[in-house]
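Chemist: File follows, final_2.tsv with TSV, C-alpha atoms:
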```
chain	number	residue	atom	x	y	z
O	15	VAL	CA	127.32	93.99	124.43
O	16	SER	CA	123.75	93.69	125.68
O	17	PRO	CA	121.33	91.74	123.44
O	18	TRP	CA	118.98	94.77	123.67
O	19	GLN	CA	121.45	97.10	122.00
O	20	LYS	CA	121.41	97.45	118.22
O	21	GLN	CA	124.28	95.68	116.58
O	22	PRO	CA	125.94	97.28	113.55
O	23	VAL	CA	124.98	95.49	110.38
O	24	GLU	CA	127.27	95.34	107.38
O	25	VAL	CA	125.41	95.57	104.10
O	26	GLU	CA	126.85	94.51	100.78
O	27	PRO	CA	126.50	97.23	98.14
O	28	GLU	CA	123.86	96.42	95.56
O	29	ALA	CA	125.01	95.57	92.09
O	30	GLU	CA	124.34	98.21	89.45
O	31	VAL	CA	121.20	97.46	87.47
O	32	ILE	CA	121.39	98.23	83.79
O	33	PRO	CA	117.99	99.27	82.40
O	34	THR	CA	116.59	97.09	79.64
O	35	SER	CA	114.25	99.79	78.40
O	36	THR	CA	114.67	103.45	77.68
O	37	ALA	CA	111.03	104.25	78.48
O	38	THR	CA	110.42	106.66	81.30
O	39	VAL	CA	107.24	107.33	83.20
O	40	GLU	CA	106.38	110.86	84.23
O	41	THR	CA	104.19	111.14	87.31
O	42	SER	CA	102.28	113.98	85.67
O	43	ASP	CA	101.13	111.56	82.96
O	44	VAL	CA	98.72	109.83	85.35
O	45	SER	CA	95.31	109.81	83.71
O	46	GLU	CA	92.18	111.18	85.36
O	47	ASN	CA	90.70	107.68	85.24
O	48	ALA	CA	93.60	106.31	87.26
O	49	ILE	CA	93.13	109.07	89.82
O	50	SER	CA	89.40	108.44	90.15
O	51	GLU	CA	90.05	104.70	90.56
O	52	ALA	CA	92.45	105.46	93.41
O	53	ARG	CA	89.77	107.46	95.21
O	54	ASN	CA	88.14	105.95	98.27
O	55	GLU	CA	85.18	103.84	97.24
O	56	ARG	CA	82.89	105.78	99.59
O	57	TYR	CA	83.45	109.07	97.78
O	58	SER	CA	84.10	107.80	94.25
O	59	ALA	CA	80.74	109.05	92.93
O	60	ILE	CA	81.19	112.60	94.23
O	61	GLU	CA	82.21	115.05	91.55
O	62	ILE	CA	84.24	117.87	93.01
O	63	SER	CA	85.27	120.86	90.92
O	64	GLY	CA	88.42	122.90	91.44
O	65	ASP	CA	86.31	125.68	92.95
O	66	GLU	CA	84.69	123.23	95.37
O	67	LEU	CA	88.09	121.84	96.33
O	68	GLU	CA	89.16	125.40	97.15
O	69	GLU	CA	85.94	126.02	99.13
O	70	LEU	CA	86.34	122.80	101.11
O	71	ALA	CA	89.98	123.55	101.94
O	72	ALA	CA	88.99	127.09	103.00
O	73	LEU	CA	86.18	125.75	105.19
O	74	ILE	CA	88.60	123.34	106.87
O	75	TYR	CA	90.98	126.24	107.48
O	76	LEU	CA	88.22	128.31	109.07
O	77	GLU	CA	86.74	125.48	111.14
O	78	ALA	CA	89.78	123.44	112.11
O	79	ARG	CA	93.15	125.07	111.33
O	80	GLY	CA	94.28	124.69	114.96
O	81	GLU	CA	93.21	121.06	115.16
O	82	PRO	CA	95.39	117.99	114.57
O	83	PHE	CA	95.60	116.80	110.96
O	84	GLU	CA	93.16	113.94	111.66
O	85	GLY	CA	90.61	116.49	112.88
O	86	GLN	CA	91.03	118.54	109.73
O	87	GLN	CA	90.54	115.47	107.55
O	88	ALA	CA	87.51	114.50	109.63
O	89	VAL	CA	85.94	117.91	108.87
O	90	ALA	CA	86.44	117.18	105.16
O	91	GLU	CA	84.80	113.78	105.65
O	92	VAL	CA	81.79	115.35	107.39
O	93	VAL	CA	81.22	117.58	104.35
O	94	LEU	CA	81.65	114.65	101.95
O	95	ASN	CA	79.39	112.43	104.09
O	96	ARG	CA	76.73	115.13	103.87
O	97	VAL	CA	77.04	115.18	100.08
O	98	LEU	CA	76.19	111.46	100.15
O	99	SER	CA	73.30	111.92	102.62
O	100	ASP	CA	69.73	112.50	101.45
O	101	GLU	CA	69.37	115.12	104.22
O	102	PHE	CA	71.76	117.62	102.58
O	103	PRO	CA	72.54	119.07	99.14
O	104	ASN	CA	74.37	116.72	96.78
O	105	THR	CA	77.37	118.95	96.04
O	106	VAL	CA	80.26	120.18	98.16
O	107	HIS	CA	79.32	123.80	97.37
O	108	GLY	CA	75.69	123.12	98.30
O	109	VAL	CA	76.65	121.53	101.62
O	110	ILE	CA	79.01	124.35	102.61
O	111	TYR	CA	76.44	127.05	101.87
O	112	ASP	CA	73.37	125.10	103.06
O	113	THR	CA	71.09	127.15	105.32
O	114	LYS	CA	67.92	125.05	104.97
O	115	TYR	CA	67.95	124.21	108.68
O	116	GLY	CA	69.94	127.26	109.74
O	117	VAL	CA	73.62	127.96	109.21
O	118	GLN	CA	75.50	124.66	109.06
O	119	PHE	CA	79.05	126.04	109.14
O	120	THR	CA	79.37	129.28	111.08
O	121	PRO	CA	82.21	130.82	108.99
O	122	TYR	CA	80.64	129.96	105.61
O	123	ARG	CA	80.48	133.64	104.64
O	124	GLN	CA	84.27	133.88	104.92
O	125	VAL	CA	85.01	130.87	102.69
O	126	ALA	CA	85.34	132.90	99.47
O	127	SER	CA	87.87	135.30	101.00
O	128	THR	CA	89.98	132.69	102.82
O	129	THR	CA	93.27	131.29	101.60
O	130	PRO	CA	93.83	127.78	102.97
O	131	THR	CA	97.30	126.33	103.53
O	132	GLU	CA	98.75	123.16	102.04
O	133	THR	CA	97.65	121.29	105.18
O	134	GLN	CA	93.97	121.84	104.38
O	135	TYR	CA	94.44	120.61	100.81
O	136	GLU	CA	96.21	117.55	102.23
O	137	ALA	CA	93.25	116.99	104.55
O	138	VAL	CA	90.90	116.99	101.55
O	139	SER	CA	93.24	114.63	99.72
O	140	GLY	CA	93.38	112.37	102.77
O	141	ALA	CA	89.60	112.19	102.83
O	142	LEU	CA	89.33	111.48	99.11
O	143	TYR	CA	92.31	109.15	98.66
O	144	GLY	CA	93.67	108.06	102.04
O	145	ASP	CA	92.50	106.01	104.99
O	146	LEU	CA	89.14	107.23	106.25
O	147	ILE	CA	88.71	108.41	109.82
O	148	LEU	CA	84.91	108.59	110.20
O	149	ASP	CA	81.97	106.33	109.45
O	150	GLU	CA	79.73	107.43	106.59
O	151	GLY	CA	76.91	108.32	108.98
O	152	VAL	CA	78.96	110.94	110.85
O	153	LEU	CA	77.37	114.19	109.68
O	154	TYR	CA	78.09	116.69	112.47
O	155	PHE	CA	80.96	118.15	114.44
O	156	SER	CA	81.19	120.95	116.97
O	157	ARG	CA	83.04	122.01	120.11
O	158	GLY	CA	80.46	120.10	122.15
O	159	ALA	CA	78.38	117.08	121.30
O	160	TYR	CA	75.73	117.88	118.68
O	161	ASN	CA	73.68	114.95	119.95
O	162	SER	CA	74.17	111.86	122.10
O	163	ARG	CA	75.32	109.77	119.12
O	164	ILE	CA	79.02	110.57	119.49
O	165	TYR	CA	81.42	108.82	117.13
O	166	ALA	CA	84.71	110.38	118.28
O	167	THR	CA	86.41	113.37	119.80
O	168	ILE	CA	89.39	114.54	117.78
O	169	GLY	CA	91.25	117.52	119.16
O	170	GLY	CA	88.66	120.09	120.23
O	171	HIS	CA	85.83	118.76	118.04
O	172	VAL	CA	83.21	116.15	118.82
O	173	PHE	CA	82.00	114.21	115.76
O	174	CYS	CA	78.47	112.81	115.85
O	175	TYR	CA	76.23	110.60	113.77
O	176	GLY	CA	73.24	112.24	112.12
```
Please render this file's structure as structure tokens.
Modeler:
Amino acid sequence: VSPWQKQPVEVEPEAEVIPTSTATVETSDVSENAISEARNERYSAIEISGDELEELAALIYLEARGEPFEGQQAVAEVVLNRVLSDEFPNTVHGVIYDTKYGVQFTPYRQVASTTPTETQYEAVSGALYGDLILDEGVLYFSRGAYNSRIYATIGGHVFCYG
């Protein structure tokens, strides 16, 4: 047998563990405070309503549904980074519908009538609770570079600093 081939390993069965407590923990009993503490520090101060969560997931669907998951999460991070920026409105809804400097997200008028998939909700969750993909200063994405301050290209989108 070659040393590079996996060798079968015999494992002793684990002894049965008898519980010492009858208490059970339901995952649905997690408090809102525990959830907010688990949120990424960068976005911990952002309040996001259920309607805004739906809008953000719909925007991701419209802007990036054919992109890899990382690209979809990065779109969520751009919106959240804008909420933190002094250059944009301070709510998710305000950022999505911002037209102060022209239309920011081309399909924004379709957001209300779009039904996102679970993948887009997972992208929002990844941005809020998972490992971050972008720096906080990344405020733009498009099919081509918005400016010369490129942070990354993910799938078909180029993400740029503001």
Chemist: Please list as a PyMOL selection string every residue within 8 Å of Arg157 in chain O, counting all atoms listed in the file and excluding residues in the same chain fewer than 4 positions away.
Modeler: chain O and resi 170-172
Chemist: Rounded to one decimal place, report the CA of Asp145 in chain O-CA of Glu101 in chain O distance in Å.
Modeler: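 Result for CA of Asp145 in chain O versus CA of Glu101 in chain O: 24.9 Å, one decimal.
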Chemist: Can you work out which one of O:Ala71, O:Val97, O:Val92, O:Ala166 has the shortest atom-to-atom distance to Tyr154 in chain O, counting all atoms listed in the file?
Modeler: O:Val92
Chemist: Counting only C-alpha atoms, which residues come within 6 Å of (79.0, 109.2, 104.3), with the point read in the file's coordinates, and could you list them as a PDB file with C-alpha atoms, in the coordinates of the input?
Modeler:
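So the final result, stored in selection-v3.pdb, reads:
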```
ATOM      1  CA  ASN O  95      79.390 112.430 104.090  1.00  0.00           C
ATOM      2  CA  LEU O  98      76.190 111.460 100.150  1.00  0.00           C
ATOM      3  CA  GLU O 150      79.730 107.430 106.590  1.00  0.00           C
ATOM      4  CA  GLY O 151      76.910 108.320 108.980  1.00  0.00           C
TER       5      GLY O 151
END
```
Chemist: Nearest to Ser63 in chain O: which of O:Arg96, O:His107, O:Tyr165, O:Thr113 is it, counting all atoms listed in the file?
Modeler: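 Smallest separation from Ser63 in chain O among the options: O:His107.
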Chemist: I want to know what sits within 9 Å of range 78-83 of chain O, based on all atoms listed in the file, with residues of the same chain fewer than 2 positions away left out; could you give that as an MDAnalysis selection string?
Modeler: chainID O and resid 73:76 85:89 130:131 133:134 136:137 168:171
Chemist: Rank O:Asn54, O:Ser156, O:Val106, O:Cys174 by their smallest atom-to-atom distance to Thr120 in chain O, using all atoms listed in the file, and report the top residue only.
Modeler: O:Ser156
Chemist: Please identify all polymer residues within 8 Å of Val125 in chain O, counting only C-alpha atoms, omitting same-chain residues fewer than 2 positions from it, and present them as a list in words.
Modeler: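 Near Val125 in chain O, the qualifying residues are Glu69, Ala72, Leu73, Leu76, Pro121, Tyr122, Arg123, Ser127 and Thr128 of chain O.
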Chemist: Quick one: distance from CA of Asn104 in chain O to CA of Gln118 in chain O in Å, one decimal?
Modeler: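 Separating CA of Asn104 in chain O from CA of Gln118 in chain O is a distance of 14.7 Å.
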